[in-house]
Amino acid sequence: MSNAYKKKILLNFNPDLSFNPKGRHVRDGLSATLRTGNNLWIACDERSTIERLTLNEDGAFGHHVSYNLNEYLTLPANADCEIDIEGFASDGKYLWLVGSHSLMRKKPKKDESPEKQIKRLAKVKEDPNRYLLARIPLSLNESSGDYELCKICPDKLDYSETASAAQLAGDGVRNQLMEALENDVHFKHFLKIPGKDNGFDIEGIAVRKDKVFLGIRGPVLRGWAVILELRVEELTDNYFRLKPDKKHRLYKKHFLHLEGMGIRDLQVLNDDLLVLAGPSMDLDGTIAVYRWKNGLKQEDESITHRKELDRLFDIPHGHGETSGKDKAEGITLFDPRHLLVVFDSPTSERKNGDAGVEADLYEIPF
């Protein structure tokens, strides 16, 4: 395992675009990131927007632009409701995104009576916007050099065709994937458990051609984490559906022994998958990056033992006085040899001024 840390990269947000309706700044809840060209896409888990930053000459990212997803997708719940975006990926044509697909348990409020706090812990909430798997076309603005989102635009690979924003079909509450998992031998008992309780929780997405890989933060099964592999096919202009394989399966499962950790994000690197791993539950614990060699070339379901995985490096996290802080949540390739990491709940030392926050850059051992 390597000491791969290199340096910090400053992310500067526009204060006028950075607060959600509850008054929380986007930098306090970073949950996913993706670099395309000189642009860095950022998601906050308590918003229904996607943020785009652009690389400056000084090495920092700024020029904040915010995209409202209601202009590209049909969100099941109302427009102001959060999506809980937990992963980005790109196949060069689309920006793919995935919500957590998880239930939420209410948090106790310290200023309330013990009786009310205990009652809050018994309340579980389901948010339809969290059940989102979607893609939005990426368009390169030749004059600015920036990538932009568009609802429908010429297909970059075939200009006689069009590319359009679409999402996985569902019933308006849950989508086709959740319906398919209801009878799954590994997941069915966890679908009614909130994500923070080791219940079902998606964090991370990777795409290669027609394959979509989803990282599962929870459940972790006796130390084993899971990656779901899907294929999709067009249904209408605005929706796609799961495509069955030759065995009539709508998804395949890949089990990885991440030493008790769940999956927090995924990143394609050639034919490998880089896996950001961390606690499945809401606690301080080891966070590490693994390499699953040839993960994108699996022909069927697989199980990979710990000695068959490369543990590349660990990422420091909050503890003691900083407990619950600096939780690594998103990774993206900064360049072919470096990985950029963004953090949820940053410490005050990581924040810069009123609207900036630092990400970390790590060298990828080869």
# chains A, B, ... in the order shown; residues from 1 in each chain; ligands from 1

call {"tool": "residues_around", "arguments": {"residues": "segment 100-115 of chain A", "least_positions_apart": "5", "cutoff": "6 Å", "atoms": "only C-alpha atoms", "output": "count of residues only"}}
result
15

call {"tool": "closest_atom_pairs", "arguments": {"of": "segment 63-132 of chain A", "to": "segment 320-329 of chain A", "cutoff": "12 Å", "atoms": "only C-alpha atoms", "output": "CSV"}}
result
residue,atom,partner,partner_atom,distance
A:Ile85,CA,A:Glu329,CA,11.0
A:Glu86,CA,A:Glu329,CA,8.1
A:Gly87,CA,A:Glu329,CA,9.0
A:Phe88,CA,A:Glu329,CA,11.5

call {"tool": "closest_atom_pairs", "arguments": {"of": "segment 132-222 of chain A", "to": "segment 244-247 of chain A", "cutoff": "12 Å", "atoms": "only C-alpha atoms", "output": "tab-separated table"}}
result
residue	atom	partner	partner_atom	distance
A:Leu177	CA	A:Pro244	CA	11.9
A:Ala180	CA	A:Pro244	CA	11.2
A:Asp210	CA	A:Asp245	CA	11.9
A:Lys211	CA	A:Asp245	CA	11.4

call {"tool": "residues_around", "arguments": {"residues": "Leu274 of chain A", "least_positions_apart": "5", "cutoff": "12 Å", "atoms": "only C-alpha atoms", "output": "count of residues only"}}
result
35

call {"tool": "closest_atom_pairs", "arguments": {"of": "segment 125-163 of chain A", "to": "segment 48-67 of chain A", "cutoff": "9 Å", "atoms": "only C-alpha atoms", "output": "tab-separated table"}}
result
residue	atom	partner	partner_atom	distance
A:Asn129	CA	A:Ser48	CA	8.9
A:Asp146	CA	A:Thr54	CA	7.7
A:Tyr147	CA	A:Arg52	CA	8.9
A:Glu148	CA	A:Arg52	CA	8.7
A:Leu149	CA	A:Tyr67	CA	7.8

call {"tool": "select_by_dssp", "arguments": {"residues": "segment 25-180 of chain A", "states": "strand (DSSP E)", "output": "PyMOL selection string"}}
result
chain A and resi 30-36+39-44+49-55+61-68+85-90+94-99+104-105+124-125+133-140+147-149+152-155+158-164+166-168

call {"tool": "decode", "arguments": {"residues": "segment 228-246 of chain A", "atoms": "N, CA and C atoms", "output": "PDB file, in the first residue's frame"}}
result
ATOM      1  N   LEU A 228     -23.367  -3.932  -8.803  1.00  0.00           N
ATOM      2  CA  LEU A 228     -24.382  -4.396  -9.742  1.00  0.00           C
ATOM      3  C   LEU A 228     -23.984  -3.991 -11.150  1.00  0.00           C
ATOM      4  N   GLU A 229     -24.131  -4.906 -12.089  1.00  0.00           N
ATOM      5  CA  GLU A 229     -23.864  -4.626 -13.500  1.00  0.00           C
ATOM      6  C   GLU A 229     -25.177  -4.692 -14.273  1.00  0.00           C
ATOM      7  N   LEU A 230     -25.492  -3.631 -14.991  1.00  0.00           N
ATOM      8  CA  LEU A 230     -26.732  -3.532 -15.756  1.00  0.00           C
ATOM      9  C   LEU A 230     -26.422  -3.257 -17.217  1.00  0.00           C
ATOM     10  N   ARG A 231     -27.393  -3.548 -18.052  1.00  0.00           N
ATOM     11  CA  ARG A 231     -27.420  -3.041 -19.424  1.00  0.00           C
ATOM     12  C   ARG A 231     -28.780  -2.400 -19.621  1.00  0.00           C
ATOM     13  N   VAL A 232     -28.828  -1.356 -20.439  1.00  0.00           N
ATOM     14  CA  VAL A 232     -30.102  -0.664 -20.660  1.00  0.00           C
ATOM     15  C   VAL A 232     -30.391  -0.575 -22.148  1.00  0.00           C
ATOM     16  N   GLU A 233     -31.666  -0.400 -22.473  1.00  0.00           N
ATOM     17  CA  GLU A 233     -32.092  -0.223 -23.857  1.00  0.00           C
ATOM     18  C   GLU A 233     -33.173   0.843 -23.912  1.00  0.00           C
ATOM     19  N   GLU A 234     -33.307   1.481 -25.078  1.00  0.00           N
ATOM     20  CA  GLU A 234     -34.246   2.590 -25.222  1.00  0.00           C
ATOM     21  C   GLU A 234     -35.685   2.110 -25.059  1.00  0.00           C
ATOM     22  N   LEU A 235     -36.481   2.941 -24.386  1.00  0.00           N
ATOM     23  CA  LEU A 235     -37.904   2.675 -24.235  1.00  0.00           C
ATOM     24  C   LEU A 235     -38.712   3.743 -24.951  1.00  0.00           C
ATOM     25  N   THR A 236     -38.483   5.011 -24.598  1.00  0.00           N
ATOM     26  CA  THR A 236     -39.054   6.165 -25.301  1.00  0.00           C
ATOM     27  C   THR A 236     -37.955   7.221 -25.363  1.00  0.00           C
ATOM     28  N   ASP A 237     -38.304   8.411 -25.863  1.00  0.00           N
ATOM     29  CA  ASP A 237     -37.319   9.488 -25.942  1.00  0.00           C
ATOM     30  C   ASP A 237     -36.790   9.892 -24.570  1.00  0.00           C
ATOM     31  N   ASN A 238     -37.600   9.699 -23.541  1.00  0.00           N
ATOM     32  CA  ASN A 238     -37.236  10.193 -22.212  1.00  0.00           C
ATOM     33  C   ASN A 238     -36.928   9.095 -21.201  1.00  0.00           C
ATOM     34  N   TYR A 239     -37.065   7.833 -21.605  1.00  0.00           N
ATOM     35  CA  TYR A 239     -36.871   6.736 -20.664  1.00  0.00           C
ATOM     36  C   TYR A 239     -36.111   5.592 -21.317  1.00  0.00           C
ATOM     37  N   PHE A 240     -35.363   4.850 -20.494  1.00  0.00           N
ATOM     38  CA  PHE A 240     -34.790   3.591 -20.921  1.00  0.00           C
ATOM     39  C   PHE A 240     -35.190   2.521 -19.909  1.00  0.00           C
ATOM     40  N   ARG A 241     -34.924   1.269 -20.242  1.00  0.00           N
ATOM     41  CA  ARG A 241     -35.274   0.164 -19.347  1.00  0.00           C
ATOM     42  C   ARG A 241     -34.112  -0.815 -19.259  1.00  0.00           C
ATOM     43  N   LEU A 242     -34.173  -1.696 -18.274  1.00  0.00           N
ATOM     44  CA  LEU A 242     -33.142  -2.701 -18.111  1.00  0.00           C
ATOM     45  C   LEU A 242     -33.239  -3.721 -19.238  1.00  0.00           C
ATOM     46  N   LYS A 243     -32.097  -4.109 -19.767  1.00  0.00           N
ATOM     47  CA  LYS A 243     -32.046  -5.058 -20.878  1.00  0.00           C
ATOM     48  C   LYS A 243     -31.639  -6.430 -20.353  1.00  0.00           C
ATOM     49  N   PRO A 244     -32.474  -7.450 -20.523  1.00  0.00           N
ATOM     50  CA  PRO A 244     -32.125  -8.788 -20.032  1.00  0.00           C
ATOM     51  C   PRO A 244     -30.923  -9.356 -20.785  1.00  0.00           C
ATOM     52  N   ASP A 245     -30.106 -10.165 -20.067  1.00  0.00           N
ATOM     53  CA  ASP A 245     -29.003 -10.834 -20.739  1.00  0.00           C
ATOM     54  C   ASP A 245     -29.486 -12.174 -21.296  1.00  0.00           C
ATOM     55  N   LYS A 246     -28.568 -12.992 -21.776  1.00  0.00           N
ATOM     56  CA  LYS A 246     -28.938 -14.269 -22.395  1.00  0.00           C
ATOM     57  C   LYS A 246     -29.589 -15.230 -21.411  1.00  0.00           C
TER      58      LYS A 246
END
